[in-house]
Every structure is written in C-alpha cells, then in structure tokens.
Amino acid sequence: MAGLTTHILDTHGGRPAAGVAVSLRRIGPEGAETLTETVTNADGRTDAPLLTPEATQPGIYEIDFAIGPYFRERGVTLPEPAFLDVVTVRFGLSEVTRHYHVPLLASPYGYTTYRGS
C-alpha cells in the first residue's frame, strides 16, 4: 500500500494527540503547494491518508503539526512565545510505490519523528 499517513502521540499526557491541525505541502521549484489540511481524530491519526497512492509523487514535502495550540487547549501552561508552536517536518519521497508513515511524538519542549511503517 503506497501513500502517506501520520499520527501524533502526546508524550506529555501519555495519549494520542486528538484535535491537532495538520497541513501537508509539496515543495517545488515555484515554492510550496498546500495539498492537505486536516485535524487528528481521537486516535491521534487523520481520518484519511495525507496522500493517496494515486496522488503520491516523488519530491520534497513538509508536514506542519500545530502542537502549541493543542497543548494550550488542554490547559498546559506554555510561555509566550511557546518553545514549540508549529513543528515542521521536511522529508523526501522517492519510492512512490512504498507506503510512508511520518509519526510525531510531541511534548511542549521536544519532539521525535521517524519513518514508520
């Protein structure tokens, strides 16, 4: 199964991060093109893939994860400005017949990402 998916885990609260705004862009020679804007569900995942197999093309992409607003909405006290507000992950897709999964593990002061399966 090809395409692109994501999920977010709140490592501060120890649960999936529901309600996080997620935006996907493709970076091209003319600049960035927004492909998808969505919000994570109760499982910290998007209801649909960020890219379907048919829409997946080789190239450079960015996912924005709006974690600052997520933590504020949950009553986490953050400084102004927050240390992390929007986490942007830039990555390349080269093998469009393979599935790409880009998870984010986030707290108010740090994050980790990796190529998942």
# chains A, B, ... in the order shown; residues from 1 in each chain; ligands from 1
call {"tool": "closest_atom_pairs", "arguments": {"of": "segment 85-111 of chain A", "to": "segment 10-19 of chain A", "cutoff": "7 Å", "atoms": "only C-alpha atoms", "output": "CSV"}}
result
residue,atom,partner,partner_atom,distance
A:Leu105,CA,A:Asp10,CA,6.1
A:Ala106,CA,A:Asp10,CA,5.3
A:Ser107,CA,A:His12,CA,5.0
call {"tool": "select_by_dssp", "arguments": {"residues": "segment 4-116 of chain A", "states": "alpha helix (DSSP H)", "output": "PyMOL selection string"}}
result
chain A and resi 67-73
call {"tool": "closest_residue", "arguments": {"among": "A:Ile27, A:Asp43, A:Thr56, A:Thr34", "to": "Glu95 of chain A", "atoms": "only C-alpha atoms"}}
result
A:Thr56
call {"tool": "atom_distance", "arguments": {"atom1": "atom CA of Gly116 of chain A", "atom2": "atom CA of Val89 of chain A"}}
result
13.8 Å
call {"tool": "residues_around", "arguments": {"residues": "Tyr109 of chain A", "least_positions_apart": "6", "cutoff": "10 Å", "atoms": "only C-alpha atoms", "output": "MDAnalysis selection string"}}
result
chainID A and resid 12 68 78 82:85
call {"tool": "write_last_selection", "arguments": {"atoms": "C-alpha atoms", "output": "PDB file, in the first residue's frame"}}
result
ATOM      1  CA  HIS A  12       3.409  14.898  27.935  1.00  0.00           C
ATOM      2  CA  GLY A  68       1.266  24.692  20.596  1.00  0.00           C
ATOM      3  CA  LEU A  78       3.217  27.498  27.965  1.00  0.00           C
ATOM      4  CA  ALA A  82       5.847  28.851  23.214  1.00  0.00           C
ATOM      5  CA  PHE A  83       9.104  26.960  22.763  1.00  0.00           C
ATOM      6  CA  LEU A  84       7.365  24.752  20.177  1.00  0.00           C
ATOM      7  CA  ASP A  85       4.282  26.087  18.447  1.00  0.00           C
TER       8      ASP A  85
END
call {"tool": "residues_around", "arguments": {"residues": "Arg26 of chain A", "least_positions_apart": "3", "cutoff": "12 Å", "atoms": "only C-alpha atoms", "output": "mmCIF file with C-alpha atoms, in the first residue's frame"}}
result
data_model
loop_
_atom_site.group_PDB
_atom_site.id
_atom_site.type_symbol
_atom_site.label_atom_id
_atom_site.label_comp_id
_atom_site.auth_asym_id
_atom_site.auth_seq_id
_atom_site.Cartn_x
_atom_site.Cartn_y
_atom_site.Cartn_z
ATOM 1 C CA SER A 23 -1.039 20.596 6.991
ATOM 2 C CA PRO A 29 10.720 24.924 -7.835
ATOM 3 C CA GLU A 30 7.945 27.530 -7.742
ATOM 4 C CA GLY A 31 7.500 27.276 -3.962
ATOM 5 C CA ALA A 32 5.207 25.359 -1.647
ATOM 6 C CA GLU A 33 1.791 23.994 -2.594
ATOM 7 C CA THR A 34 -0.624 23.038 0.181
ATOM 8 C CA LEU A 35 -2.087 19.611 -0.562
ATOM 9 C CA THR A 36 -3.994 18.730 2.600
ATOM 10 C CA LEU A 50 -2.420 12.664 3.739
ATOM 11 C CA LEU A 51 -1.585 11.339 0.270
ATOM 12 C CA ALA A 55 -1.573 11.289 -5.572
ATOM 13 C CA THR A 56 1.899 10.301 -4.345
ATOM 14 C CA GLN A 57 4.720 11.783 -6.408
ATOM 15 C CA PRO A 58 8.461 11.853 -5.794
ATOM 16 C CA GLY A 59 9.603 15.075 -4.188
ATOM 17 C CA ILE A 60 10.133 17.116 -1.062
ATOM 18 C CA TYR A 61 7.233 17.532 1.354
ATOM 19 C CA GLU A 62 6.559 19.285 4.649
ATOM 20 C CA ILE A 63 4.043 18.455 7.351
ATOM 21 C CA ASP A 64 3.128 21.163 9.863
ATOM 22 C CA VAL A 89 8.952 18.063 9.352
ATOM 23 C CA ARG A 90 10.553 18.216 5.900
ATOM 24 C CA PHE A 91 11.187 14.910 4.154
ATOM 25 C CA GLY A 92 11.582 13.354 0.729
ATOM 26 C CA LEU A 93 9.515 10.719 -1.013
#
call {"tool": "closest_residue", "arguments": {"among": "A:Arg25, A:Leu9, A:Phe71, A:Pro53", "to": "Asn41 of chain A", "atoms": "only C-alpha atoms"}}
result
A:Leu9
call {"tool": "closest_residue", "arguments": {"among": "A:Pro69, A:Pro108, A:Pro103, A:Gly3", "to": "Pro49 of chain A", "atoms": "only C-alpha atoms"}}
result
A:Gly3
call {"tool": "decode", "arguments": {"residues": "segment 17-28 of chain A", "atoms": "all heavy atoms", "output": "compact mmCIF listing (two decimals), in the first residue's frame"}}
result
# COMPACT_ATOMS: atom_id res chain seq x y z
N ALA A 17 -2.72 12.34 20.42
CA ALA A 17 -2.98 13.78 20.36
C ALA A 17 -4.14 14.05 19.41
O ALA A 17 -3.97 14.12 18.20
CB ALA A 17 -1.73 14.53 19.91
N ALA A 18 -5.33 14.17 19.98
CA ALA A 18 -6.54 14.43 19.20
C ALA A 18 -6.74 15.93 19.02
O ALA A 18 -6.48 16.71 19.93
CB ALA A 18 -7.75 13.84 19.91
N GLY A 19 -7.20 16.32 17.85
CA GLY A 19 -7.53 17.72 17.60
C GLY A 19 -6.36 18.58 17.16
O GLY A 19 -6.44 19.80 17.21
N VAL A 20 -5.28 17.97 16.70
CA VAL A 20 -4.11 18.74 16.22
C VAL A 20 -4.30 19.07 14.74
O VAL A 20 -4.56 18.18 13.93
CB VAL A 20 -2.80 17.95 16.42
CG1 VAL A 20 -1.61 18.73 15.85
CG2 VAL A 20 -2.58 17.63 17.88
N ALA A 21 -4.15 20.32 14.40
CA ALA A 21 -4.20 20.73 13.00
C ALA A 21 -2.93 20.25 12.29
O ALA A 21 -1.82 20.41 12.81
CB ALA A 21 -4.33 22.25 12.88
N VAL A 22 -3.12 19.65 11.12
CA VAL A 22 -2.02 19.09 10.33
C VAL A 22 -2.16 19.63 8.91
O VAL A 22 -3.25 19.64 8.34
CB VAL A 22 -2.09 17.55 10.31
CG1 VAL A 22 -1.02 16.97 9.41
CG2 VAL A 22 -1.98 16.99 11.72
N SER A 23 -1.05 20.07 8.35
CA SER A 23 -1.04 20.60 6.99
C SER A 23 0.11 19.95 6.22
O SER A 23 1.23 19.87 6.73
CB SER A 23 -0.86 22.11 7.03
OG SER A 23 -0.77 22.65 5.73
N LEU A 24 -0.16 19.50 5.00
CA LEU A 24 0.86 18.89 4.14
C LEU A 24 1.10 19.79 2.94
O LEU A 24 0.15 20.24 2.28
CB LEU A 24 0.39 17.52 3.66
CG LEU A 24 1.31 16.85 2.62
CD1 LEU A 24 2.63 16.43 3.23
CD2 LEU A 24 0.60 15.67 1.97
N ARG A 25 2.38 20.04 2.65
CA ARG A 25 2.79 20.83 1.48
C ARG A 25 3.80 20.05 0.65
O ARG A 25 4.62 19.32 1.20
CB ARG A 25 3.43 22.15 1.91
CG ARG A 25 2.50 23.16 2.49
CD ARG A 25 3.21 24.48 2.81
NE ARG A 25 4.34 24.31 3.69
CZ ARG A 25 4.24 24.13 5.02
NH1 ARG A 25 3.07 24.08 5.60
NH2 ARG A 25 5.33 24.01 5.76
N ARG A 26 3.73 20.26 -0.64
CA ARG A 26 4.78 19.75 -1.55
C ARG A 26 5.63 20.95 -1.93
O ARG A 26 5.12 22.01 -2.28
CB ARG A 26 4.16 19.13 -2.80
CG ARG A 26 5.21 18.49 -3.70
CD ARG A 26 4.52 17.57 -4.72
NE ARG A 26 5.49 16.69 -5.32
CZ ARG A 26 6.19 16.98 -6.41
NH1 ARG A 26 6.01 18.13 -7.02
NH2 ARG A 26 7.06 16.11 -6.89
N ILE A 27 6.95 20.78 -1.83
CA ILE A 27 7.89 21.86 -2.12
C ILE A 27 8.41 21.67 -3.54
O ILE A 27 9.01 20.63 -3.85
CB ILE A 27 9.07 21.86 -1.12
CG1 ILE A 27 8.56 21.80 0.33
CG2 ILE A 27 9.97 23.06 -1.35
CD1 ILE A 27 7.66 22.93 0.74
N GLY A 28 8.16 22.64 -4.38
CA GLY A 28 8.59 22.56 -5.78
C GLY A 28 9.44 23.76 -6.15
O GLY A 28 9.67 24.65 -5.33
